[in-house]
Amino acid sequence: AQKVTQAQTEISVVEKEDVTLDCVYETRDTTYYLFWYKQPPSGELVFLIRRNSFDEQNEISGRYSWNFQKSTSSFNFTITASQVVDSAVYFCALRGRNTGFQKLVFGTGTRLLVSP
Amino acid sequence: DTAVSQTPKYLVTQMGNDKSIKCEQNLGHDTMYWYKQDSKKFLKIMFSYNNKELIINETVPNRFSPKSPDKAHLNLHINSLELGDSAVYFCASSQGIPGQTSSGNTIYFGEGSWLTVV
């Protein structure tokens with residue numbers, strides 16, 4: 001079975017603070033893909049990043065960075081110098097061979113509130 | 001240009017009615033999906049179509065009937081609406097062939113359709 005756990009239900013920070021959103025996944029697949037999506041208050045789902053299971057290199061994109069560690073089955077997301085516009089619900093998700101790659105299994109999301 | 005577009009964005013209807021949500025993607029993808037987001041924000045797949053062929057039906061009540069006239073469109077028709085059907089419905093698409101690693105490609109979502117059944 002595949003499962004994604006986002007233990008942090010809600011995080012509140014003050015602008016300019018750094019914040020890390022945790023994601024732990026479970027899968028028996030050796031080939032799988034991990035994703036992060038952002039859902040701002042307007043409601044759409046915005047793709048942020050995709051990583052495959054063979055690429056553990058960390059990635060940085062502006063203020064965003066991702067730490068993928070297969071040893072701990074984690075794919076954490078850090079926002080540096082947070083801004084009010086970062087306020088959103090963030091979802092971690094997994095696609096694996098076990099389900100023919102057809103299913104994107106989501107975590108329950110972490111609501112990030114950034115106050116001025 | 002909107003990549004995955006769905007209409008209507010908001011829909012309020014009475015119990016027992018039948019309604020449809022339309023979805024179109026202009027990304028040239030061959031796989032399309034419907035996902036449901038409940039009141040607790042939990043997202044779960046409902047259906048997946050590849051080149052108009054049903055791939056996944058995730059134990060959704062048969063009141064929900066997806067229709068894919070071509071690979072760029074996947075519409076969702078809901079019969080006899082119930083209060084519990086109130087949710088946000090997301091259409092999505094991706095490129096890839098079922099069962100192959102290319103199916104790990106990114107899934108792109110539409111803006112969502114907010115359905116409220118009263």
# chains A, B, ... in the order shown; residues from 1 in each chain; ligands from 1
$ interface_residues --of "chain A" --to "chain B" --cutoff "10 Å" --atoms "only C-alpha atoms" --output "tab-separated table (two decimals) with all heavy atoms, in the first residue's frame"
chain	number	residue	atom	x	y	z
A	31	THR	N	10.50	2.10	-7.75
A	31	THR	CA	10.37	3.25	-8.65
A	31	THR	C	9.12	4.02	-8.28
A	31	THR	O	8.01	3.46	-8.31
A	31	THR	CB	10.29	2.79	-10.12
A	31	THR	OG1	11.44	2.03	-10.44
A	31	THR	CG2	10.21	4.01	-11.03
A	32	TYR	N	9.29	5.24	-7.94
A	32	TYR	CA	8.15	6.07	-7.57
A	32	TYR	C	8.51	7.54	-7.75
A	32	TYR	O	9.67	7.88	-7.99
A	32	TYR	CB	7.69	5.81	-6.13
A	32	TYR	CG	8.78	5.91	-5.09
A	32	TYR	CD1	9.07	7.14	-4.46
A	32	TYR	CD2	9.54	4.81	-4.72
A	32	TYR	CE1	10.08	7.23	-3.51
A	32	TYR	CE2	10.54	4.90	-3.78
A	32	TYR	CZ	10.81	6.11	-3.17
A	32	TYR	OH	11.80	6.20	-2.24
A	33	TYR	N	7.49	8.37	-7.68
A	33	TYR	CA	7.67	9.80	-7.86
A	33	TYR	C	7.00	10.54	-6.71
A	33	TYR	O	5.92	10.15	-6.25
A	33	TYR	CB	7.04	10.26	-9.19
A	33	TYR	CG	7.67	9.61	-10.40
A	33	TYR	CD1	7.29	8.33	-10.81
A	33	TYR	CD2	8.65	10.27	-11.12
A	33	TYR	CE1	7.89	7.73	-11.92
A	33	TYR	CE2	9.24	9.68	-12.22
A	33	TYR	CZ	8.85	8.41	-12.61
A	33	TYR	OH	9.45	7.83	-13.68
A	34	LEU	N	7.64	11.58	-6.28
A	34	LEU	CA	7.12	12.41	-5.19
A	34	LEU	C	6.84	13.82	-5.70
A	34	LEU	O	7.58	14.33	-6.55
A	34	LEU	CB	8.13	12.46	-4.04
A	34	LEU	CG	8.38	11.12	-3.35
A	34	LEU	CD1	9.65	11.19	-2.53
A	34	LEU	CD2	7.19	10.73	-2.49
A	35	PHE	N	5.81	14.42	-5.15
A	35	PHE	CA	5.37	15.73	-5.62
A	35	PHE	C	5.01	16.61	-4.44
A	35	PHE	O	4.62	16.13	-3.37
A	35	PHE	CB	4.12	15.61	-6.51
A	35	PHE	CG	4.27	14.73	-7.71
A	35	PHE	CD1	4.16	13.36	-7.60
A	35	PHE	CD2	4.50	15.30	-8.95
A	35	PHE	CE1	4.29	12.54	-8.72
A	35	PHE	CE2	4.64	14.49	-10.07
A	35	PHE	CZ	4.53	13.12	-9.95
A	37	TYR	N	2.41	20.04	-4.02
A	37	TYR	CA	1.45	20.97	-4.62
A	37	TYR	C	1.08	22.03	-3.59
A	37	TYR	O	1.05	21.77	-2.39
A	37	TYR	CB	0.17	20.24	-5.05
A	37	TYR	CG	0.32	19.37	-6.27
A	37	TYR	CD1	0.77	18.06	-6.17
A	37	TYR	CD2	-0.02	19.85	-7.54
A	37	TYR	CE1	0.89	17.24	-7.28
A	37	TYR	CE2	0.10	19.04	-8.66
A	37	TYR	CZ	0.55	17.74	-8.52
A	37	TYR	OH	0.67	16.94	-9.63
A	39	GLN	N	-1.95	24.80	-2.55
A	39	GLN	CA	-3.33	25.22	-2.75
A	39	GLN	C	-3.55	26.54	-2.01
A	39	GLN	O	-3.78	26.56	-0.80
A	39	GLN	CB	-4.32	24.16	-2.26
A	39	GLN	CG	-5.77	24.50	-2.63
A	39	GLN	CD	-6.74	23.38	-2.30
A	39	GLN	OE1	-6.59	22.68	-1.29
A	39	GLN	NE2	-7.76	23.20	-3.14
A	42	SER	N	-7.34	30.85	-2.97
A	42	SER	CA	-8.21	30.88	-4.15
A	42	SER	C	-8.63	29.48	-4.60
A	42	SER	O	-9.56	29.35	-5.40
A	42	SER	CB	-7.52	31.62	-5.29
A	42	SER	OG	-6.21	31.13	-5.47
A	43	GLY	N	-7.94	28.45	-4.11
A	43	GLY	CA	-8.43	27.10	-4.29
A	43	GLY	C	-7.79	26.23	-5.34
A	43	GLY	O	-7.95	25.00	-5.31
A	44	GLU	N	-7.05	26.79	-6.28
A	44	GLU	CA	-6.48	25.94	-7.32
A	44	GLU	C	-5.31	25.13	-6.76
A	44	GLU	O	-4.74	25.47	-5.73
A	44	GLU	CB	-6.02	26.79	-8.52
A	44	GLU	CG	-4.83	27.68	-8.26
A	44	GLU	CD	-5.20	29.05	-7.73
A	44	GLU	OE1	-6.27	29.18	-7.09
A	44	GLU	OE2	-4.40	29.98	-7.92
A	45	LEU	N	-4.96	24.09	-7.44
A	45	LEU	CA	-3.82	23.25	-7.05
A	45	LEU	C	-2.66	23.55	-7.99
A	45	LEU	O	-2.75	23.32	-9.19
A	45	LEU	CB	-4.18	21.77	-7.15
A	45	LEU	CG	-4.93	21.16	-5.98
A	45	LEU	CD1	-5.48	19.81	-6.36
A	45	LEU	CD2	-4.03	21.06	-4.77
A	46	VAL	N	-1.58	24.02	-7.40
A	46	VAL	CA	-0.43	24.46	-8.20
A	46	VAL	C	0.72	23.49	-7.99
A	46	VAL	O	1.15	23.25	-6.86
A	46	VAL	CB	-0.01	25.88	-7.79
A	46	VAL	CG1	1.21	26.31	-8.62
A	46	VAL	CG2	-1.16	26.85	-7.96
A	47	PHE	N	1.22	22.95	-9.07
A	47	PHE	CA	2.36	22.04	-9.02
A	47	PHE	C	3.61	22.81	-8.63
A	47	PHE	O	3.89	23.88	-9.16
A	47	PHE	CB	2.53	21.38	-10.38
A	47	PHE	CG	3.86	20.73	-10.60
A	47	PHE	CD1	4.18	19.55	-9.95
A	47	PHE	CD2	4.80	21.31	-11.44
A	47	PHE	CE1	5.41	18.95	-10.14
A	47	PHE	CE2	6.04	20.71	-11.64
A	47	PHE	CZ	6.33	19.53	-10.99
A	48	LEU	N	4.40	22.24	-7.71
A	48	LEU	CA	5.64	22.87	-7.28
A	48	LEU	C	6.86	22.08	-7.72
A	48	LEU	O	7.82	22.64	-8.26
A	48	LEU	CB	5.67	23.03	-5.76
A	48	LEU	CG	4.64	23.97	-5.15
A	48	LEU	CD1	4.77	23.97	-3.63
A	48	LEU	CD2	4.79	25.37	-5.70
A	49	ILE	N	6.85	20.76	-7.46
A	49	ILE	CA	8.05	19.98	-7.77
A	49	ILE	C	7.72	18.51	-7.92
A	49	ILE	O	6.76	18.02	-7.33
A	49	ILE	CB	9.13	20.15	-6.67
A	49	ILE	CG1	10.44	19.51	-7.12
A	49	ILE	CG2	8.65	19.55	-5.35
A	49	ILE	CD1	11.62	19.81	-6.23
A	50	ARG	N	8.51	17.83	-8.71
A	50	ARG	CA	8.44	16.38	-8.90
A	50	ARG	C	9.84	15.82	-8.77
A	50	ARG	O	10.79	16.34	-9.34
A	50	ARG	CB	7.88	16.07	-10.28
A	50	ARG	CG	8.05	14.65	-10.78
A	50	ARG	CD	7.51	14.56	-12.20
A	50	ARG	NE	7.72	13.26	-12.80
A	50	ARG	CZ	8.73	12.95	-13.60
A	50	ARG	NH1	9.64	13.85	-13.90
A	50	ARG	NH2	8.82	11.73	-14.12
A	51	ARG	N	9.97	14.73	-8.00
A	51	ARG	CA	11.25	14.01	-7.87
A	51	ARG	C	11.00	12.54	-8.11
A	51	ARG	O	10.00	11.99	-7.67
A	51	ARG	CB	11.84	14.17	-6.47
A	51	ARG	CG	12.03	15.57	-6.01
A	51	ARG	CD	13.03	16.28	-6.87
A	51	ARG	NE	14.42	15.92	-6.57
A	51	ARG	CZ	15.45	16.38	-7.26
A	51	ARG	NH1	15.26	17.16	-8.28
A	51	ARG	NH2	16.67	16.03	-6.92
A	52	ASN	N	11.95	11.89	-8.78
A	52	ASN	CA	11.83	10.44	-8.90
A	52	ASN	C	12.71	9.77	-7.85
A	52	ASN	O	13.64	10.38	-7.29
A	52	ASN	CB	12.14	9.96	-10.32
A	52	ASN	CG	13.62	10.03	-10.64
A	52	ASN	OD1	14.45	9.47	-9.92
A	52	ASN	ND2	13.95	10.68	-11.73
A	89	VAL	N	-2.37	25.86	1.67
A	89	VAL	CA	-2.28	24.47	2.10
A	89	VAL	C	-1.32	23.78	1.14
A	89	VAL	O	-1.46	23.91	-0.08
A	89	VAL	CB	-3.65	23.77	2.09
A	89	VAL	CG1	-3.49	22.32	2.55
A	89	VAL	CG2	-4.63	24.51	2.99
A	91	PHE	N	0.42	20.24	-0.17
A	91	PHE	CA	0.20	18.80	-0.22
A	91	PHE	C	1.43	18.10	-0.77
A	91	PHE	O	2.00	18.51	-1.79
A	91	PHE	CB	-0.99	18.47	-1.14
A	91	PHE	CG	-2.32	18.92	-0.61
A	91	PHE	CD1	-2.85	20.14	-1.00
A	91	PHE	CD2	-3.03	18.12	0.27
A	91	PHE	CE1	-4.08	20.56	-0.52
A	91	PHE	CE2	-4.26	18.53	0.75
A	91	PHE	CZ	-4.79	19.75	0.36
A	93	ALA	N	2.61	14.37	-2.29
A	93	ALA	CA	1.91	13.29	-2.97
A	93	ALA	C	2.89	12.30	-3.58
A	93	ALA	O	4.07	12.61	-3.80
A	93	ALA	CB	1.00	13.86	-4.06
A	94	LEU	N	2.39	11.10	-3.88
A	94	LEU	CA	3.24	9.99	-4.32
A	94	LEU	C	2.58	9.24	-5.48
A	94	LEU	O	1.36	9.01	-5.46
A	94	LEU	CB	3.43	9.01	-3.14
A	94	LEU	CG	4.01	7.63	-3.38
A	94	LEU	CD1	5.50	7.72	-3.71
A	94	LEU	CD2	3.82	6.77	-2.14
A	95	ARG	N	3.36	8.88	-6.48
A	95	ARG	CA	2.90	8.00	-7.56
A	95	ARG	C	3.88	6.85	-7.65
A	95	ARG	O	5.09	7.09	-7.72
A	95	ARG	CB	2.91	8.70	-8.92
A	95	ARG	CG	1.77	9.62	-9.20
A	95	ARG	CD	1.89	10.22	-10.57
A	95	ARG	NE	1.09	9.49	-11.53
A	95	ARG	CZ	0.89	9.90	-12.77
A	95	ARG	NH1	1.49	11.00	-13.22
A	95	ARG	NH2	0.14	9.22	-13.59
A	96	GLY	N	3.38	5.61	-7.65
A	96	GLY	CA	4.29	4.48	-7.69
A	96	GLY	C	3.88	3.40	-8.66
A	96	GLY	O	2.73	3.35	-9.11
A	97	ARG	N	4.80	2.53	-8.93
A	97	ARG	CA	4.56	1.44	-9.88
A	97	ARG	C	3.47	0.50	-9.38
A	97	ARG	O	2.73	-0.07	-10.16
A	97	ARG	CB	5.85	0.66	-10.10
A	97	ARG	CG	5.75	-0.44	-11.14
A	97	ARG	CD	7.04	-1.26	-11.17
A	97	ARG	NE	8.17	-0.49	-11.64
A	97	ARG	CZ	8.44	-0.28	-12.92
A	97	ARG	NH1	7.65	-0.76	-13.85
A	97	ARG	NH2	9.50	0.43	-13.28
A	98	ASN	N	3.35	0.37	-8.08
A	98	ASN	CA	2.37	-0.54	-7.46
A	98	ASN	C	0.96	-0.29	-7.97
A	98	ASN	O	0.16	-1.20	-8.07
A	98	ASN	CB	2.43	-0.37	-5.95
A	98	ASN	CG	1.41	-1.23	-5.23
A	98	ASN	OD1	0.37	-0.74	-4.82
A	98	ASN	ND2	1.70	-2.49	-5.10
A	99	THR	N	0.67	0.96	-8.28
A	99	THR	CA	-0.66	1.29	-8.79
A	99	THR	C	-0.59	1.65	-10.27
A	99	THR	O	-1.44	2.38	-10.78
A	99	THR	CB	-1.28	2.45	-8.00
A	99	THR	OG1	-0.37	3.56	-8.06
A	99	THR	CG2	-1.52	2.07	-6.56
A	100	GLY	N	0.42	1.12	-10.94
A	100	GLY	CA	0.57	1.41	-12.37
A	100	GLY	C	0.83	2.87	-12.63
A	100	GLY	O	0.57	3.36	-13.73
A	101	PHE	N	1.30	3.55	-11.63
A	101	PHE	CA	1.59	4.97	-11.71
A	101	PHE	C	0.35	5.80	-11.98
A	101	PHE	O	0.45	6.99	-12.27
A	101	PHE	CB	2.63	5.28	-12.80
A	101	PHE	CG	3.97	4.68	-12.55
A	101	PHE	CD1	4.38	3.55	-13.23
A	101	PHE	CD2	4.82	5.22	-11.60
A	101	PHE	CE1	5.62	2.98	-12.99
A	101	PHE	CE2	6.07	4.66	-11.36
A	101	PHE	CZ	6.46	3.53	-12.06
A	102	GLN	N	-0.80	5.20	-11.90
A	102	GLN	CA	-2.00	5.93	-12.28
A	102	GLN	C	-2.57	6.76	-11.16
A	102	GLN	O	-3.30	7.71	-11.39
A	102	GLN	CB	-3.08	4.96	-12.78
A	102	GLN	CG	-2.79	4.43	-14.17
A	102	GLN	CD	-2.71	5.57	-15.18
A	102	GLN	OE1	-3.63	6.34	-15.35
A	102	GLN	NE2	-1.58	5.68	-15.85
A	103	LYS	N	-2.24	6.38	-9.92
A	103	LYS	CA	-2.82	7.09	-8.80
A	103	LYS	C	-1.82	8.06	-8.20
A	103	LYS	O	-0.67	7.71	-7.95
A	103	LYS	CB	-3.21	6.11	-7.70
A	103	LYS	CG	-4.51	5.42	-7.89
A	103	LYS	CD	-4.59	4.34	-6.84
A	103	LYS	CE	-5.69	4.54	-5.90
A	103	LYS	NZ	-5.90	3.44	-5.00
A	104	LEU	N	-2.28	9.25	-7.94
A	104	LEU	CA	-1.51	10.20	-7.16
A	104	LEU	C	-2.11	10.16	-5.75
A	104	LEU	O	-3.27	10.56	-5.55
A	104	LEU	CB	-1.63	11.59	-7.78
A	104	LEU	CG	-0.72	12.69	-7.23
A	104	LEU	CD1	0.74	12.31	-7.37
A	104	LEU	CD2	-1.00	14.00	-7.94
A	105	VAL	N	-1.33	9.64	-4.81
A	105	VAL	CA	-1.81	9.51	-3.43
A	105	VAL	C	-1.35	10.73	-2.65
A	105	VAL	O	-0.14	10.99	-2.54
A	105	VAL	CB	-1.27	8.22	-2.80
A	105	VAL	CG1	-1.70	8.13	-1.35
A	105	VAL	CG2	-1.76	7.01	-3.58
A	106	PHE	N	-2.29	11.44	-2.09
A	106	PHE	CA	-1.98	12.68	-1.38
A	106	PHE	C	-1.89	12.49	0.12
A	106	PHE	O	-2.57	11.63	0.70
A	106	PHE	CB	-3.09	13.72	-1.64
A	106	PHE	CG	-3.02	14.38	-2.98
A	106	PHE	CD1	-3.67	13.83	-4.08
A	106	PHE	CD2	-2.31	15.56	-3.16
A	106	PHE	CE1	-3.61	14.45	-5.32
A	106	PHE	CE2	-2.25	16.18	-4.39
A	106	PHE	CZ	-2.90	15.62	-5.47
A	107	GLY	N	-1.06	13.33	0.74
A	107	GLY	CA	-1.13	13.48	2.18
A	107	GLY	C	-2.31	14.37	2.53
A	107	GLY	O	-3.01	14.87	1.65
A	108	THR	N	-2.51	14.56	3.81
A	108	THR	CA	-3.67	15.33	4.26
A	108	THR	C	-3.45	16.83	4.22
A	108	THR	O	-4.35	17.60	4.51
A	108	THR	CB	-4.07	14.92	5.68
A	108	THR	OG1	-2.89	14.96	6.50
A	108	THR	CG2	-4.65	13.52	5.71
A	109	GLY	N	-2.25	17.24	3.86
A	109	GLY	CA	-1.97	18.66	3.70
A	109	GLY	C	-1.53	19.34	4.98
A	109	GLY	O	-1.89	18.93	6.08
A	110	THR	N	-0.73	20.38	4.81
A	110	THR	CA	-0.30	21.24	5.92
A	110	THR	C	-0.71	22.66	5.58
A	110	THR	O	-0.32	23.19	4.53
A	110	THR	CB	1.22	21.18	6.13
A	110	THR	OG1	1.59	19.86	6.50
A	110	THR	CG2	1.64	22.17	7.22
$ residues_around --residues "Gln57 in chain A" --least-positions-apart "4" --cutoff "12 Å" --atoms "only C-alpha atoms" --output "PyMOL selection string"
chain A and resi 50-53+65-70+75
$ write_last_selection --atoms "N, CA and C atoms" --output "PDB file, in the first residue's frame"
ATOM      1  N   ARG A  50       8.510  17.832  -8.705  1.00  0.00           N
ATOM      2  CA  ARG A  50       8.438  16.385  -8.898  1.00  0.00           C
ATOM      3  C   ARG A  50       9.843  15.815  -8.766  1.00  0.00           C
ATOM      4  N   ARG A  51       9.973  14.727  -8.005  1.00  0.00           N
ATOM      5  CA  ARG A  51      11.246  14.015  -7.870  1.00  0.00           C
ATOM      6  C   ARG A  51      11.003  12.536  -8.115  1.00  0.00           C
ATOM      7  N   ASN A  52      11.950  11.886  -8.781  1.00  0.00           N
ATOM      8  CA  ASN A  52      11.834  10.439  -8.896  1.00  0.00           C
ATOM      9  C   ASN A  52      12.711   9.768  -7.847  1.00  0.00           C
ATOM     10  N   SER A  53      12.430   8.512  -7.606  1.00  0.00           N
ATOM     11  CA  SER A  53      13.052   7.796  -6.489  1.00  0.00           C
ATOM     12  C   SER A  53      14.543   7.564  -6.678  1.00  0.00           C
ATOM     13  N   SER A  65      13.091  25.046  -1.131  1.00  0.00           N
ATOM     14  CA  SER A  65      14.054  23.958  -1.261  1.00  0.00           C
ATOM     15  C   SER A  65      13.415  22.668  -0.768  1.00  0.00           C
ATOM     16  N   TRP A  66      13.899  21.574  -1.316  1.00  0.00           N
ATOM     17  CA  TRP A  66      13.342  20.271  -0.996  1.00  0.00           C
ATOM     18  C   TRP A  66      14.461  19.319  -0.608  1.00  0.00           C
ATOM     19  N   ASN A  67      14.224  18.551   0.435  1.00  0.00           N
ATOM     20  CA  ASN A  67      15.195  17.590   0.949  1.00  0.00           C
ATOM     21  C   ASN A  67      14.586  16.202   0.844  1.00  0.00           C
ATOM     22  N   PHE A  68      15.130  15.393  -0.057  1.00  0.00           N
ATOM     23  CA  PHE A  68      14.619  14.047  -0.291  1.00  0.00           C
ATOM     24  C   PHE A  68      15.605  13.062   0.332  1.00  0.00           C
ATOM     25  N   GLN A  69      15.135  12.254   1.285  1.00  0.00           N
ATOM     26  CA  GLN A  69      15.993  11.262   1.926  1.00  0.00           C
ATOM     27  C   GLN A  69      15.292   9.904   1.912  1.00  0.00           C
ATOM     28  N   LYS A  70      15.790   9.021   1.067  1.00  0.00           N
ATOM     29  CA  LYS A  70      15.178   7.693   0.975  1.00  0.00           C
ATOM     30  C   LYS A  70      15.367   6.909   2.262  1.00  0.00           C
ATOM     31  N   PHE A  75      10.430  13.579   2.356  1.00  0.00           N
ATOM     32  CA  PHE A  75      10.572  14.541   1.253  1.00  0.00           C
ATOM     33  C   PHE A  75      10.086  15.878   1.784  1.00  0.00           C
TER      34      PHE A  75
END
$ select_by_dssp --residues "chain A" --states "strand (DSSP E or B)" --output "PyMOL selection string"
chain A and resi 3-5+10-14+19-21+24-26+32-39+46-52+59-61+64-69+74-79+88-96+105-106+110-115
$ residues_around --residues "Pro8 in chain B" --least-positions-apart "2" --cutoff "10 Å" --atoms "only C-alpha atoms" --output "PDB file with all heavy atoms, in the first residue's frame"
ATOM      1  N   SER B   5      -8.946  23.357 -17.951  1.00  0.00           N
ATOM      2  CA  SER B   5     -10.048  24.233 -17.593  1.00  0.00           C
ATOM      3  C   SER B   5     -11.302  23.422 -17.322  1.00  0.00           C
ATOM      4  O   SER B   5     -11.590  22.448 -18.031  1.00  0.00           O
ATOM      5  CB  SER B   5     -10.317  25.249 -18.710  1.00  0.00           C
ATOM      6  OG  SER B   5     -10.614  24.581 -19.923  1.00  0.00           O
ATOM      7  N   GLN B   6     -12.021  23.817 -16.310  1.00  0.00           N
ATOM      8  CA  GLN B   6     -13.236  23.114 -15.951  1.00  0.00           C
ATOM      9  C   GLN B   6     -14.339  24.124 -15.660  1.00  0.00           C
ATOM     10  O   GLN B   6     -14.101  25.189 -15.116  1.00  0.00           O
ATOM     11  CB  GLN B   6     -13.021  22.159 -14.782  1.00  0.00           C
ATOM     12  CG  GLN B   6     -12.312  22.728 -13.580  1.00  0.00           C
ATOM     13  CD  GLN B   6     -12.027  21.662 -12.519  1.00  0.00           C
ATOM     14  OE1 GLN B   6     -10.882  21.325 -12.263  1.00  0.00           O
ATOM     15  NE2 GLN B   6     -13.075  21.168 -11.884  1.00  0.00           N
ATOM     16  N   TYR B  10     -18.403  27.292  -9.817  1.00  0.00           N
ATOM     17  CA  TYR B  10     -19.280  27.181  -8.655  1.00  0.00           C
ATOM     18  C   TYR B  10     -20.630  26.636  -9.106  1.00  0.00           C
ATOM     19  O   TYR B  10     -21.162  27.047 -10.134  1.00  0.00           O
ATOM     20  CB  TYR B  10     -19.486  28.534  -7.981  1.00  0.00           C
ATOM     21  CG  TYR B  10     -18.208  29.152  -7.470  1.00  0.00           C
ATOM     22  CD1 TYR B  10     -17.572  30.180  -8.178  1.00  0.00           C
ATOM     23  CD2 TYR B  10     -17.622  28.712  -6.295  1.00  0.00           C
ATOM     24  CE1 TYR B  10     -16.398  30.740  -7.724  1.00  0.00           C
ATOM     25  CE2 TYR B  10     -16.447  29.271  -5.823  1.00  0.00           C
ATOM     26  CZ  TYR B  10     -15.835  30.278  -6.546  1.00  0.00           C
ATOM     27  OH  TYR B  10     -14.666  30.828  -6.091  1.00  0.00           O
ATOM     28  N   LEU B  11     -21.169  25.738  -8.297  1.00  0.00           N
ATOM     29  CA  LEU B  11     -22.439  25.120  -8.644  1.00  0.00           C
ATOM     30  C   LEU B  11     -23.199  24.838  -7.356  1.00  0.00           C
ATOM     31  O   LEU B  11     -22.703  24.098  -6.493  1.00  0.00           O
ATOM     32  CB  LEU B  11     -22.191  23.820  -9.417  1.00  0.00           C
ATOM     33  CG  LEU B  11     -23.387  23.044  -9.943  1.00  0.00           C
ATOM     34  CD1 LEU B  11     -24.259  23.913 -10.822  1.00  0.00           C
ATOM     35  CD2 LEU B  11     -22.913  21.826 -10.712  1.00  0.00           C
ATOM     36  N   SER B  20     -23.686  18.319 -14.407  1.00  0.00           N
ATOM     37  CA  SER B  20     -22.449  17.939 -15.086  1.00  0.00           C
ATOM     38  C   SER B  20     -21.372  18.990 -14.887  1.00  0.00           C
ATOM     39  O   SER B  20     -21.667  20.191 -14.785  1.00  0.00           O
ATOM     40  CB  SER B  20     -22.698  17.775 -16.592  1.00  0.00           C
ATOM     41  OG  SER B  20     -23.526  16.683 -16.864  1.00  0.00           O
ATOM     42  N   ILE B  21     -20.144  18.520 -14.836  1.00  0.00           N
ATOM     43  CA  ILE B  21     -18.983  19.394 -14.806  1.00  0.00           C
ATOM     44  C   ILE B  21     -18.142  19.029 -16.022  1.00  0.00           C
ATOM     45  O   ILE B  21     -17.869  17.855 -16.269  1.00  0.00           O
ATOM     46  CB  ILE B  21     -18.137  19.203 -13.534  1.00  0.00           C
ATOM     47  CG1 ILE B  21     -19.004  19.366 -12.285  1.00  0.00           C
ATOM     48  CG2 ILE B  21     -16.982  20.212 -13.511  1.00  0.00           C
ATOM     49  CD1 ILE B  21     -18.279  19.012 -10.990  1.00  0.00           C
ATOM     50  N   LYS B  22     -17.761  20.069 -16.760  1.00  0.00           N
ATOM     51  CA  LYS B  22     -16.989  19.813 -17.974  1.00  0.00           C
ATOM     52  C   LYS B  22     -15.518  20.109 -17.756  1.00  0.00           C
ATOM     53  O   LYS B  22     -15.154  20.989 -16.976  1.00  0.00           O
ATOM     54  CB  LYS B  22     -17.529  20.673 -19.117  1.00  0.00           C
ATOM     55  CG  LYS B  22     -18.950  20.320 -19.516  1.00  0.00           C
ATOM     56  CD  LYS B  22     -19.389  21.118 -20.718  1.00  0.00           C
ATOM     57  CE  LYS B  22     -20.793  20.689 -21.163  1.00  0.00           C
ATOM     58  NZ  LYS B  22     -21.240  21.439 -22.363  1.00  0.00           N
ATOM     59  N   CYS B  23     -14.673  19.380 -18.456  1.00  0.00           N
ATOM     60  CA  CYS B  23     -13.233  19.577 -18.338  1.00  0.00           C
ATOM     61  C   CYS B  23     -12.576  19.420 -19.691  1.00  0.00           C
ATOM     62  O   CYS B  23     -12.883  18.490 -20.454  1.00  0.00           O
ATOM     63  CB  CYS B  23     -12.631  18.590 -17.355  1.00  0.00           C
ATOM     64  SG  CYS B  23     -10.830  18.776 -17.180  1.00  0.00           S
ATOM     65  N   GLY B 112     -10.638  23.678 -10.178  1.00  0.00           N
ATOM     66  CA  GLY B 112     -11.610  23.121  -9.256  1.00  0.00           C
ATOM     67  C   GLY B 112     -13.025  23.603  -9.524  1.00  0.00           C
ATOM     68  O   GLY B 112     -13.239  24.721 -10.012  1.00  0.00           O
ATOM     69  N   SER B 113     -13.981  22.753  -9.203  1.00  0.00           N
ATOM     70  CA  SER B 113     -15.410  23.119  -9.292  1.00  0.00           C
ATOM     71  C   SER B 113     -16.032  22.879  -7.929  1.00  0.00           C
ATOM     72  O   SER B 113     -16.017  21.757  -7.419  1.00  0.00           O
ATOM     73  CB  SER B 113     -16.118  22.267 -10.355  1.00  0.00           C
ATOM     74  OG  SER B 113     -15.643  22.562 -11.644  1.00  0.00           O
ATOM     75  N   TRP B 114     -16.551  23.971  -7.336  1.00  0.00           N
ATOM     76  CA  TRP B 114     -17.119  23.897  -5.997  1.00  0.00           C
ATOM     77  C   TRP B 114     -18.585  23.519  -6.111  1.00  0.00           C
ATOM     78  O   TRP B 114     -19.406  24.315  -6.558  1.00  0.00           O
ATOM     79  CB  TRP B 114     -16.979  25.255  -5.308  1.00  0.00           C
ATOM     80  CG  TRP B 114     -15.711  25.476  -4.562  1.00  0.00           C
ATOM     81  CD1 TRP B 114     -15.547  25.515  -3.231  1.00  0.00           C
ATOM     82  CD2 TRP B 114     -14.417  25.695  -5.129  1.00  0.00           C
ATOM     83  NE1 TRP B 114     -14.228  25.746  -2.915  1.00  0.00           N
ATOM     84  CE2 TRP B 114     -13.513  25.861  -4.056  1.00  0.00           C
ATOM     85  CE3 TRP B 114     -13.926  25.776  -6.437  1.00  0.00           C
ATOM     86  CZ2 TRP B 114     -12.155  26.086  -4.248  1.00  0.00           C
ATOM     87  CZ3 TRP B 114     -12.576  26.004  -6.633  1.00  0.00           C
ATOM     88  CH2 TRP B 114     -11.711  26.158  -5.542  1.00  0.00           C
ATOM     89  N   LEU B 115     -18.912  22.316  -5.716  1.00  0.00           N
ATOM     90  CA  LEU B 115     -20.286  21.827  -5.788  1.00  0.00           C
ATOM     91  C   LEU B 115     -20.914  21.861  -4.400  1.00  0.00           C
ATOM     92  O   LEU B 115     -20.367  21.277  -3.450  1.00  0.00           O
ATOM     93  CB  LEU B 115     -20.328  20.407  -6.341  1.00  0.00           C
ATOM     94  CG  LEU B 115     -21.686  19.705  -6.305  1.00  0.00           C
ATOM     95  CD1 LEU B 115     -22.696  20.420  -7.199  1.00  0.00           C
ATOM     96  CD2 LEU B 115     -21.549  18.243  -6.717  1.00  0.00           C
TER      97      LEU B 115
END
$ residues_around --residues "Gln14 in chain B" --least-positions-apart "2" --cutoff "7 Å" --atoms "only C-alpha atoms" --output "compact mmCIF listing (two decimals) with N, CA and C atoms, in the first residue's frame"
# COMPACT_ATOMS: atom_id res chain seq x y z
N GLY B 16 -31.16 15.61 -5.36
CA GLY B 16 -31.96 14.91 -6.34
C GLY B 16 -31.74 15.35 -7.77
N ASN B 17 -31.12 16.53 -7.93
CA ASN B 17 -30.87 17.01 -9.28
C ASN B 17 -29.72 16.25 -9.94
N VAL B 117 -24.52 21.00 -2.54
CA VAL B 117 -25.85 20.40 -2.67
C VAL B 117 -26.67 20.80 -1.44
N VAL B 118 -27.82 21.40 -1.69
CA VAL B 118 -28.63 21.89 -0.57
C VAL B 118 -29.99 21.15 -0.50
